[in-house]
Amino acid sequence: DDFYREVNRVTPSLIRTEADEVTYNIHVLLRFELELDLMRRKLEPRDLPEAWNAAMGRYLGVTPPDHKDGAMQDVHWSLGAIGYFPTYTLGNMYAAQLFAAAQRDIPNLNGDMERGDFGALLSWLRRHIHQEGRTFSAAELVLRVTGDEPSPHYLIDYLAEKYGELYGFDPREVKTGV
């Protein structure tokens, strides 16, 4: 129990790739908002570090000590990959929704995984996901497999269940200002 609690600790961090699964999407949101402001010319590139630091303080309560751990920590923008960050959150949303469908379709999936048996899940993935390749867009595939349009509610419910149990409250009830 102590090990599980430790590896699932929620702690605001400076670095997106080191963030826990609860705050990770806040890192993505911050980047997306800054990209929008840059593209809409509401923010000048020279003002990005200051805007970054302000957003990190507002959303996560941390402020980078330098640009390396702040606005320059990702290679995406220097590569011209504008608009890419939201795909990370979309992937998290799709994964949560697909996993909920797998849990619905596979009796005792969680028990199987606790025993290290991933055979039923792999078969489910092959049948519902892998065999389709790129036949459908990600959103279309999620709809076909789950029966629901892609929705953030599955990710929110997953996080609320897991971390609500760990921390003794429903995180959906926390007001974050985000």
# chains A, B, ... in the order shown; residues from 1 in each chain; ligands from 1
>>> select_by_dssp(residues="range 102-145 of chain A", states="helix (DSSP H, G or I)", output="NGL selection string")
:A and (102-105 or 109-114 or 119-128 or 130-132 or 138-145)
>>> residues_around(residues="range 149-153 of chain A", least_positions_apart="3", cutoff="7 Å", atoms="only C-alpha atoms", output="list in words")
Met93, Tyr94, Ala139, Val142, Leu143, Ile156 and Asp157 of chain A
>>> write_last_selection(atoms="N, CA, C and O atoms", output="PDB file, in the first residue's frame")
ATOM      1  N   MET A  93      -7.457  10.863 -22.952  1.00  0.00           N
ATOM      2  CA  MET A  93      -8.931  10.723 -22.962  1.00  0.00           C
ATOM      3  C   MET A  93      -9.341   9.443 -23.684  1.00  0.00           C
ATOM      4  O   MET A  93     -10.172   8.678 -23.179  1.00  0.00           O
ATOM      5  N   TYR A  94      -8.791   9.236 -24.873  1.00  0.00           N
ATOM      6  CA  TYR A  94      -9.141   8.038 -25.646  1.00  0.00           C
ATOM      7  C   TYR A  94      -8.773   6.771 -24.884  1.00  0.00           C
ATOM      8  O   TYR A  94      -9.543   5.801 -24.846  1.00  0.00           O
ATOM      9  N   ALA A 139     -11.072   9.494 -33.293  1.00  0.00           N
ATOM     10  CA  ALA A 139     -12.395   9.779 -32.728  1.00  0.00           C
ATOM     11  C   ALA A 139     -13.434   8.786 -33.244  1.00  0.00           C
ATOM     12  O   ALA A 139     -14.288   8.326 -32.477  1.00  0.00           O
ATOM     13  N   VAL A 142     -12.869   5.390 -31.475  1.00  0.00           N
ATOM     14  CA  VAL A 142     -13.372   5.430 -30.096  1.00  0.00           C
ATOM     15  C   VAL A 142     -14.892   5.276 -30.088  1.00  0.00           C
ATOM     16  O   VAL A 142     -15.445   4.503 -29.304  1.00  0.00           O
ATOM     17  N   LEU A 143     -15.563   5.971 -30.974  1.00  0.00           N
ATOM     18  CA  LEU A 143     -17.024   5.865 -31.059  1.00  0.00           C
ATOM     19  C   LEU A 143     -17.444   4.443 -31.420  1.00  0.00           C
ATOM     20  O   LEU A 143     -18.341   3.871 -30.791  1.00  0.00           O
ATOM     21  N   ILE A 156     -11.750  11.805 -16.466  1.00  0.00           N
ATOM     22  CA  ILE A 156     -12.066  12.432 -15.178  1.00  0.00           C
ATOM     23  C   ILE A 156     -12.532  11.378 -14.182  1.00  0.00           C
ATOM     24  O   ILE A 156     -12.097  11.364 -13.021  1.00  0.00           O
ATOM     25  N   ASP A 157     -13.399  10.472 -14.606  1.00  0.00           N
ATOM     26  CA  ASP A 157     -13.883   9.423 -13.709  1.00  0.00           C
ATOM     27  C   ASP A 157     -12.758   8.494 -13.271  1.00  0.00           C
ATOM     28  O   ASP A 157     -12.680   8.105 -12.101  1.00  0.00           O
TER      29      ASP A 157
END
>>> closest_residue(among="A:Lys42, A:Arg58, A:Arg16, A:Arg115", to="Phe85 in chain A", atoms="only C-alpha atoms")
A:Arg16
>>> residues_around(residues="Gly57 in chain A", least_positions_apart="3", cutoff="12 Å", atoms="only C-alpha atoms", output="tab-separated table (two decimals) with all heavy atoms, in the first residue's frame")
chain	number	residue	atom	x	y	z
A	12	PRO	N	2.68	18.90	-7.85
A	12	PRO	CA	2.97	19.80	-8.96
A	12	PRO	C	4.47	19.82	-9.27
A	12	PRO	O	5.29	19.78	-8.35
A	12	PRO	CB	2.51	21.17	-8.46
A	12	PRO	CG	1.47	20.85	-7.43
A	12	PRO	CD	1.96	19.57	-6.77
A	13	SER	N	4.80	19.85	-10.56
A	13	SER	CA	6.19	19.82	-10.97
A	13	SER	C	6.43	20.83	-12.09
A	13	SER	O	5.49	21.29	-12.72
A	13	SER	CB	6.57	18.42	-11.44
A	13	SER	OG	5.82	18.09	-12.60
A	14	LEU	N	7.68	21.12	-12.32
A	14	LEU	CA	8.04	22.05	-13.39
A	14	LEU	C	8.03	21.40	-14.76
A	14	LEU	O	7.74	22.04	-15.76
A	14	LEU	CB	9.45	22.61	-13.13
A	14	LEU	CG	9.63	23.48	-11.90
A	14	LEU	CD1	11.11	23.78	-11.68
A	14	LEU	CD2	8.84	24.77	-12.06
A	26	ILE	N	-2.64	19.42	-17.06
A	26	ILE	CA	-2.57	20.86	-16.78
A	26	ILE	C	-1.36	21.45	-17.50
A	26	ILE	O	-1.42	22.55	-18.04
A	26	ILE	CB	-2.55	21.12	-15.26
A	26	ILE	CG1	-3.85	20.64	-14.63
A	26	ILE	CG2	-2.32	22.60	-14.97
A	26	ILE	CD1	-3.88	20.65	-13.13
A	27	HIS	N	-0.26	20.68	-17.54
A	27	HIS	CA	0.91	21.11	-18.32
A	27	HIS	C	0.52	21.29	-19.79
A	27	HIS	O	0.94	22.25	-20.45
A	27	HIS	CB	2.03	20.08	-18.22
A	27	HIS	CG	2.80	20.11	-16.94
A	27	HIS	ND1	3.95	20.84	-16.80
A	27	HIS	CD2	2.58	19.50	-15.76
A	27	HIS	CE1	4.42	20.68	-15.58
A	27	HIS	NE2	3.61	19.86	-14.92
A	30	LEU	N	-1.69	24.45	-20.24
A	30	LEU	CA	-0.87	25.65	-20.18
A	30	LEU	C	-0.22	25.92	-21.54
A	30	LEU	O	-0.27	27.03	-22.06
A	30	LEU	CB	0.19	25.46	-19.10
A	30	LEU	CG	1.24	26.52	-18.87
A	30	LEU	CD1	1.61	26.54	-17.40
A	30	LEU	CD2	2.47	26.29	-19.71
A	50	GLU	N	7.78	35.03	-19.46
A	50	GLU	CA	7.04	35.67	-18.37
A	50	GLU	C	5.61	35.10	-18.28
A	50	GLU	O	5.11	34.81	-17.19
A	50	GLU	CB	6.99	37.18	-18.58
A	50	GLU	CG	6.30	37.92	-17.45
A	50	GLU	CD	6.26	39.43	-17.71
A	50	GLU	OE1	7.14	39.96	-18.40
A	50	GLU	OE2	5.33	40.06	-17.17
A	51	ALA	N	4.97	34.94	-19.44
A	51	ALA	CA	3.61	34.37	-19.47
A	51	ALA	C	3.63	32.92	-18.98
A	51	ALA	O	2.73	32.48	-18.26
A	51	ALA	CB	3.03	34.45	-20.88
A	52	TRP	N	4.66	32.18	-19.37
A	52	TRP	CA	4.83	30.79	-18.93
A	52	TRP	C	4.91	30.73	-17.40
A	52	TRP	O	4.20	29.95	-16.76
A	52	TRP	CB	6.09	30.22	-19.55
A	52	TRP	CG	6.41	28.82	-19.14
A	52	TRP	CD1	6.91	28.40	-17.94
A	52	TRP	CD2	6.21	27.65	-19.93
A	52	TRP	NE1	7.07	27.03	-17.94
A	52	TRP	CE2	6.65	26.56	-19.15
A	52	TRP	CE3	5.74	27.42	-21.21
A	52	TRP	CZ2	6.62	25.26	-19.62
A	52	TRP	CZ3	5.72	26.12	-21.68
A	52	TRP	CH2	6.14	25.05	-20.90
A	53	ASN	N	5.80	31.53	-16.84
A	53	ASN	CA	6.00	31.52	-15.39
A	53	ASN	C	4.71	31.89	-14.65
A	53	ASN	O	4.37	31.27	-13.64
A	53	ASN	CB	7.13	32.47	-15.00
A	53	ASN	CG	8.48	31.97	-15.46
A	53	ASN	OD1	8.62	30.85	-15.95
A	53	ASN	ND2	9.49	32.81	-15.31
A	54	ALA	N	4.00	32.88	-15.18
A	54	ALA	CA	2.74	33.28	-14.54
A	54	ALA	C	1.72	32.14	-14.58
A	54	ALA	O	1.04	31.85	-13.59
A	54	ALA	CB	2.17	34.52	-15.21
A	60	LEU	N	-0.21	25.51	-11.30
A	60	LEU	CA	0.46	24.45	-10.56
A	60	LEU	C	1.13	24.91	-9.27
A	60	LEU	O	1.63	24.08	-8.51
A	60	LEU	CB	1.48	23.76	-11.47
A	60	LEU	CG	0.86	22.99	-12.65
A	60	LEU	CD1	1.93	22.62	-13.66
A	60	LEU	CD2	0.14	21.75	-12.14
A	61	GLY	N	1.19	26.22	-9.07
A	61	GLY	CA	1.79	26.72	-7.84
A	61	GLY	C	3.31	26.61	-7.81
A	61	GLY	O	3.91	26.63	-6.74
A	62	VAL	N	3.94	26.47	-8.98
A	62	VAL	CA	5.40	26.41	-9.06
A	62	VAL	C	5.87	27.42	-10.10
A	62	VAL	O	5.15	27.73	-11.05
A	62	VAL	CB	5.91	25.00	-9.41
A	62	VAL	CG1	5.57	24.01	-8.31
A	62	VAL	CG2	5.34	24.51	-10.73
A	63	THR	N	7.08	27.91	-9.92
A	63	THR	CA	7.66	28.86	-10.87
A	63	THR	C	9.05	28.38	-11.25
A	63	THR	O	9.88	28.14	-10.36
A	63	THR	CB	7.75	30.27	-10.25
A	63	THR	OG1	6.45	30.67	-9.82
A	63	THR	CG2	8.27	31.28	-11.27
A	64	PRO	N	9.33	28.25	-12.54
A	64	PRO	CA	10.64	27.77	-12.97
A	64	PRO	C	11.76	28.75	-12.56
A	64	PRO	O	11.58	29.95	-12.64
A	64	PRO	CB	10.53	27.73	-14.50
A	64	PRO	CG	9.08	27.74	-14.79
A	64	PRO	CD	8.42	28.47	-13.66
A	65	PRO	N	12.92	28.20	-12.20
A	65	PRO	CA	14.04	29.05	-11.83
A	65	PRO	C	14.75	29.66	-13.05
A	65	PRO	O	15.49	30.62	-12.92
A	65	PRO	CB	14.98	28.11	-11.08
A	65	PRO	CG	14.69	26.76	-11.66
A	65	PRO	CD	13.21	26.78	-12.00
A	70	GLY	N	11.59	26.13	-17.86
A	70	GLY	CA	10.36	26.87	-18.13
A	70	GLY	C	9.97	26.75	-19.58
A	70	GLY	O	9.85	25.64	-20.12
A	177	GLY	N	-9.53	26.54	-10.24
A	177	GLY	CA	-9.32	27.79	-10.94
A	177	GLY	C	-8.97	27.57	-12.40
A	177	GLY	O	-8.79	28.51	-13.15
A	178	VAL	N	-8.79	26.32	-12.80
A	178	VAL	CA	-8.45	26.01	-14.19
A	178	VAL	C	-9.71	26.04	-15.02
A	178	VAL	O	-10.74	25.58	-14.65
A	178	VAL	CB	-7.78	24.62	-14.29
A	178	VAL	CG1	-7.55	24.26	-15.74
A	178	VAL	CG2	-6.48	24.61	-13.54
>>> residues_around(residues="Lys162 in chain A", least_positions_apart="2", cutoff="12 Å", atoms="only C-alpha atoms", output="mmCIF file with all heavy atoms, in the first residue's frame")
data_model
loop_
_atom_site.group_PDB
_atom_site.id
_atom_site.type_symbol
_atom_site.label_atom_id
_atom_site.label_comp_id
_atom_site.auth_asym_id
_atom_site.auth_seq_id
_atom_site.Cartn_x
_atom_site.Cartn_y
_atom_site.Cartn_z
ATOM 1 N N TYR A 4 2.410 1.681 -3.497
ATOM 2 C CA TYR A 4 1.383 2.134 -4.442
ATOM 3 C C TYR A 4 1.077 3.619 -4.227
ATOM 4 O O TYR A 4 0.990 4.386 -5.175
ATOM 5 C CB TYR A 4 0.121 1.293 -4.278
ATOM 6 C CG TYR A 4 -0.981 1.653 -5.243
ATOM 7 C CD1 TYR A 4 -0.902 1.279 -6.577
ATOM 8 C CD2 TYR A 4 -2.103 2.361 -4.820
ATOM 9 C CE1 TYR A 4 -1.914 1.605 -7.477
ATOM 10 C CE2 TYR A 4 -3.117 2.693 -5.702
ATOM 11 C CZ TYR A 4 -3.016 2.302 -7.030
ATOM 12 O OH TYR A 4 -4.015 2.639 -7.910
ATOM 13 N N ARG A 5 0.932 4.002 -2.981
ATOM 14 C CA ARG A 5 0.652 5.405 -2.657
ATOM 15 C C ARG A 5 1.816 6.296 -3.097
ATOM 16 O O ARG A 5 1.619 7.378 -3.628
ATOM 17 C CB ARG A 5 0.377 5.555 -1.162
ATOM 18 C CG ARG A 5 -0.343 6.816 -0.792
ATOM 19 C CD ARG A 5 -0.703 6.879 0.690
ATOM 20 N NE ARG A 5 -1.435 5.759 1.222
ATOM 21 C CZ ARG A 5 -2.744 5.534 1.055
ATOM 22 N NH1 ARG A 5 -3.452 6.362 0.350
ATOM 23 N NH2 ARG A 5 -3.328 4.497 1.601
ATOM 24 N N ASN A 8 2.074 6.831 -6.903
ATOM 25 C CA ASN A 8 0.908 7.555 -7.400
ATOM 26 C C ASN A 8 0.714 8.886 -6.686
ATOM 27 O O ASN A 8 -0.391 9.409 -6.625
ATOM 28 C CB ASN A 8 -0.350 6.687 -7.269
ATOM 29 C CG ASN A 8 -0.335 5.562 -8.259
ATOM 30 O OD1 ASN A 8 -0.474 5.774 -9.456
ATOM 31 N ND2 ASN A 8 -0.115 4.356 -7.774
ATOM 32 N N ARG A 9 1.803 9.430 -6.186
ATOM 33 C CA ARG A 9 1.751 10.718 -5.492
ATOM 34 C C ARG A 9 1.459 11.835 -6.499
ATOM 35 O O ARG A 9 1.991 11.849 -7.599
ATOM 36 C CB ARG A 9 3.066 10.994 -4.795
ATOM 37 C CG ARG A 9 2.994 12.264 -3.972
ATOM 38 C CD ARG A 9 4.218 12.575 -3.177
ATOM 39 N NE ARG A 9 5.224 11.548 -3.174
ATOM 40 C CZ ARG A 9 6.504 11.787 -2.949
ATOM 41 N NH1 ARG A 9 6.915 13.011 -2.732
ATOM 42 N NH2 ARG A 9 7.376 10.817 -2.948
ATOM 43 N N VAL A 10 0.606 12.742 -6.116
ATOM 44 C CA VAL A 10 0.282 13.910 -6.935
ATOM 45 C C VAL A 10 1.032 15.100 -6.367
ATOM 46 O O VAL A 10 0.789 15.507 -5.229
ATOM 47 C CB VAL A 10 -1.235 14.184 -6.957
ATOM 48 C CG1 VAL A 10 -1.540 15.462 -7.724
ATOM 49 C CG2 VAL A 10 -1.982 13.004 -7.541
ATOM 50 N N GLU A 21 0.087 11.718 -13.381
ATOM 51 C CA GLU A 21 -1.007 11.644 -14.352
ATOM 52 C C GLU A 21 -2.166 12.588 -14.050
ATOM 53 O O GLU A 21 -2.988 12.833 -14.925
ATOM 54 C CB GLU A 21 -1.501 10.213 -14.529
ATOM 55 C CG GLU A 21 -2.181 9.599 -13.339
ATOM 56 C CD GLU A 21 -2.580 8.156 -13.579
ATOM 57 O OE1 GLU A 21 -2.814 7.735 -14.729
ATOM 58 O OE2 GLU A 21 -2.679 7.417 -12.579
ATOM 59 N N VAL A 22 -2.208 13.143 -12.869
ATOM 60 C CA VAL A 22 -3.252 14.118 -12.552
ATOM 61 C C VAL A 22 -2.876 15.502 -13.086
ATOM 62 O O VAL A 22 -3.682 16.164 -13.744
ATOM 63 C CB VAL A 22 -3.522 14.189 -11.027
ATOM 64 C CG1 VAL A 22 -4.497 15.311 -10.698
ATOM 65 C CG2 VAL A 22 -4.057 12.855 -10.523
ATOM 66 N N LEU A 155 -11.846 9.970 -18.557
ATOM 67 C CA LEU A 155 -10.578 10.296 -17.923
ATOM 68 C C LEU A 155 -10.813 10.909 -16.551
ATOM 69 O O LEU A 155 -10.148 10.534 -15.571
ATOM 70 C CB LEU A 155 -9.757 11.250 -18.805
ATOM 71 C CG LEU A 155 -8.416 11.706 -18.235
ATOM 72 C CD1 LEU A 155 -7.497 10.527 -17.937
ATOM 73 C CD2 LEU A 155 -7.752 12.696 -19.195
ATOM 74 N N ILE A 156 -11.750 11.805 -16.466
ATOM 75 C CA ILE A 156 -12.066 12.432 -15.178
ATOM 76 C C ILE A 156 -12.532 11.378 -14.182
ATOM 77 O O ILE A 156 -12.097 11.364 -13.021
ATOM 78 C CB ILE A 156 -13.113 13.546 -15.361
ATOM 79 C CG1 ILE A 156 -12.504 14.703 -16.161
ATOM 80 C CG2 ILE A 156 -13.653 14.019 -14.012
ATOM 81 C CD1 ILE A 156 -13.517 15.702 -16.691
ATOM 82 N N ASP A 157 -13.399 10.472 -14.606
ATOM 83 C CA ASP A 157 -13.883 9.423 -13.709
ATOM 84 C C ASP A 157 -12.758 8.494 -13.271
ATOM 85 O O ASP A 157 -12.680 8.105 -12.101
ATOM 86 C CB ASP A 157 -15.003 8.614 -14.366
ATOM 87 C CG ASP A 157 -16.299 9.397 -14.490
ATOM 88 O OD1 ASP A 157 -16.429 10.470 -13.858
ATOM 89 O OD2 ASP A 157 -17.186 8.934 -15.243
ATOM 90 N N TYR A 158 -11.873 8.141 -14.219
ATOM 91 C CA TYR A 158 -10.728 7.288 -13.883
ATOM 92 C C TYR A 158 -9.862 7.956 -12.816
ATOM 93 O O TYR A 158 -9.516 7.346 -11.797
ATOM 94 C CB TYR A 158 -9.901 6.994 -15.139
ATOM 95 C CG TYR A 158 -8.493 6.553 -14.831
ATOM 96 C CD1 TYR A 158 -8.223 5.259 -14.383
ATOM 97 C CD2 TYR A 158 -7.423 7.439 -14.955
ATOM 98 C CE1 TYR A 158 -6.926 4.866 -14.080
ATOM 99 C CE2 TYR A 158 -6.130 7.054 -14.654
ATOM 100 C CZ TYR A 158 -5.884 5.772 -14.215
ATOM 101 O OH TYR A 158 -4.609 5.388 -13.905
ATOM 102 N N LEU A 159 -9.504 9.210 -13.054
ATOM 103 C CA LEU A 159 -8.663 9.926 -12.097
ATOM 104 C C LEU A 159 -9.375 10.103 -10.757
ATOM 105 O O LEU A 159 -8.766 9.950 -9.694
ATOM 106 C CB LEU A 159 -8.234 11.283 -12.665
ATOM 107 C CG LEU A 159 -7.296 11.230 -13.869
ATOM 108 C CD1 LEU A 159 -7.128 12.617 -14.472
ATOM 109 C CD2 LEU A 159 -5.958 10.611 -13.509
ATOM 110 N N ALA A 160 -10.666 10.415 -10.801
ATOM 111 C CA ALA A 160 -11.435 10.611 -9.568
ATOM 112 C C ALA A 160 -11.505 9.318 -8.759
ATOM 113 O O ALA A 160 -11.346 9.335 -7.531
ATOM 114 C CB ALA A 160 -12.836 11.116 -9.890
ATOM 115 N N GLY A 164 -9.243 9.530 -5.725
ATOM 116 C CA GLY A 164 -10.197 9.682 -4.639
ATOM 117 C C GLY A 164 -9.978 8.611 -3.590
ATOM 118 O O GLY A 164 -10.014 8.869 -2.383
ATOM 119 N N GLU A 165 -9.725 7.392 -4.050
ATOM 120 C CA GLU A 165 -9.450 6.294 -3.137
ATOM 121 C C GLU A 165 -8.129 6.527 -2.392
ATOM 122 O O GLU A 165 -8.036 6.320 -1.188
ATOM 123 C CB GLU A 165 -9.377 4.978 -3.923
ATOM 124 C CG GLU A 165 -9.092 3.766 -3.076
ATOM 125 C CD GLU A 165 -9.020 2.497 -3.914
ATOM 126 O OE1 GLU A 165 -9.973 2.244 -4.690
ATOM 127 O OE2 GLU A 165 -8.027 1.776 -3.793
ATOM 128 N N LEU A 166 -7.118 6.976 -3.114
ATOM 129 C CA LEU A 166 -5.811 7.205 -2.502
ATOM 130 C C LEU A 166 -5.817 8.344 -1.483
ATOM 131 O O LEU A 166 -5.172 8.263 -0.443
ATOM 132 C CB LEU A 166 -4.772 7.523 -3.580
ATOM 133 C CG LEU A 166 -4.155 6.330 -4.290
ATOM 134 C CD1 LEU A 166 -3.368 6.792 -5.512
ATOM 135 C CD2 LEU A 166 -3.262 5.537 -3.356
ATOM 136 N N TYR A 167 -6.533 9.423 -1.817
ATOM 137 C CA TYR A 167 -6.478 10.622 -0.988
ATOM 138 C C TYR A 167 -7.742 10.866 -0.162
ATOM 139 O O TYR A 167 -7.823 11.841 0.567
ATOM 140 C CB TYR A 167 -6.173 11.844 -1.864
ATOM 141 C CG TYR A 167 -4.754 11.814 -2.391
ATOM 142 C CD1 TYR A 167 -4.487 11.394 -3.686
ATOM 143 C CD2 TYR A 167 -3.695 12.186 -1.577
ATOM 144 C CE1 TYR A 167 -3.180 11.354 -4.155
ATOM 145 C CE2 TYR A 167 -2.393 12.147 -2.039
ATOM 146 C CZ TYR A 167 -2.141 11.729 -3.334
ATOM 147 O OH TYR A 167 -0.850 11.682 -3.789
ATOM 148 N N GLY A 168 -8.744 10.007 -0.325
ATOM 149 C CA GLY A 168 -9.923 10.091 0.525
ATOM 150 C C GLY A 168 -10.902 11.189 0.188
ATOM 151 O O GLY A 168 -11.607 11.670 1.066
ATOM 152 N N PHE A 169 -10.936 11.621 -1.069
ATOM 153 C CA PHE A 169 -11.926 12.611 -1.495
ATOM 154 C C PHE A 169 -12.129 12.490 -2.994
ATOM 155 O O PHE A 169 -11.360 11.842 -3.696
ATOM 156 C CB PHE A 169 -11.488 14.034 -1.125
ATOM 157 C CG PHE A 169 -10.302 14.529 -1.901
ATOM 158 C CD1 PHE A 169 -10.475 15.280 -3.057
ATOM 159 C CD2 PHE A 169 -9.031 14.249 -1.474
ATOM 160 C CE1 PHE A 169 -9.387 15.721 -3.773
ATOM 161 C CE2 PHE A 169 -7.928 14.691 -2.192
ATOM 162 C CZ PHE A 169 -8.112 15.429 -3.345
ATOM 163 N N ASP A 170 -13.190 13.102 -3.469
ATOM 164 C CA ASP A 170 -13.499 13.088 -4.897
ATOM 165 C C ASP A 170 -12.862 14.308 -5.539
ATOM 166 O O ASP A 170 -13.293 15.441 -5.294
ATOM 167 C CB ASP A 170 -15.011 13.099 -5.105
ATOM 168 C CG ASP A 170 -15.404 12.935 -6.569
ATOM 169 O OD1 ASP A 170 -14.560 13.188 -7.458
ATOM 170 O OD2 ASP A 170 -16.559 12.573 -6.821
ATOM 171 N N PRO A 171 -11.816 14.136 -6.365
ATOM 172 C CA PRO A 171 -11.139 15.287 -6.946
ATOM 173 C C PRO A 171 -12.014 16.119 -7.862
ATOM 174 O O PRO A 171 -11.689 17.267 -8.144
ATOM 175 C CB PRO A 171 -9.966 14.679 -7.723
ATOM 176 C CG PRO A 171 -10.060 13.228 -7.599
ATOM 177 C CD PRO A 171 -11.196 12.870 -6.703
ATOM 178 N N ARG A 172 -13.147 15.585 -8.289
ATOM 179 C CA ARG A 172 -14.066 16.370 -9.125
ATOM 180 C C ARG A 172 -14.675 17.524 -8.336
ATOM 181 O O ARG A 172 -15.193 18.464 -8.914
ATOM 182 C CB ARG A 172 -15.172 15.482 -9.686
ATOM 183 C CG ARG A 172 -14.667 14.490 -10.730
ATOM 184 C CD ARG A 172 -15.733 13.529 -11.099
ATOM 185 N NE ARG A 172 -15.942 12.630 -9.964
ATOM 186 C CZ ARG A 172 -16.371 11.393 -10.053
ATOM 187 N NH1 ARG A 172 -16.686 10.890 -11.218
ATOM 188 N NH2 ARG A 172 -16.513 10.651 -9.004
#
>>> residues_around(residues="His128 in chain A", least_positions_apart="6", cutoff="10 Å", atoms="only C-alpha atoms", output="ChimeraX atom specification")
/A:98,102,122,141-142,144-146
>>> residues_around(residues="Tyr88 in chain A", least_positions_apart="3", cutoff="8 Å", atoms="only C-alpha atoms", output="ChimeraX atom specification")
/A:25,28,84-85,91-92
>>> closest_residue(among="A:Gln97, A:Thr23, A:Ser78, A:Gln103", to="Trp124 in chain A", atoms="only C-alpha atoms")
A:Gln103
>>> atom_distance(atom1="CA of Pro86 in chain A", atom2="CA of Arg31 in chain A")
8.5 Å
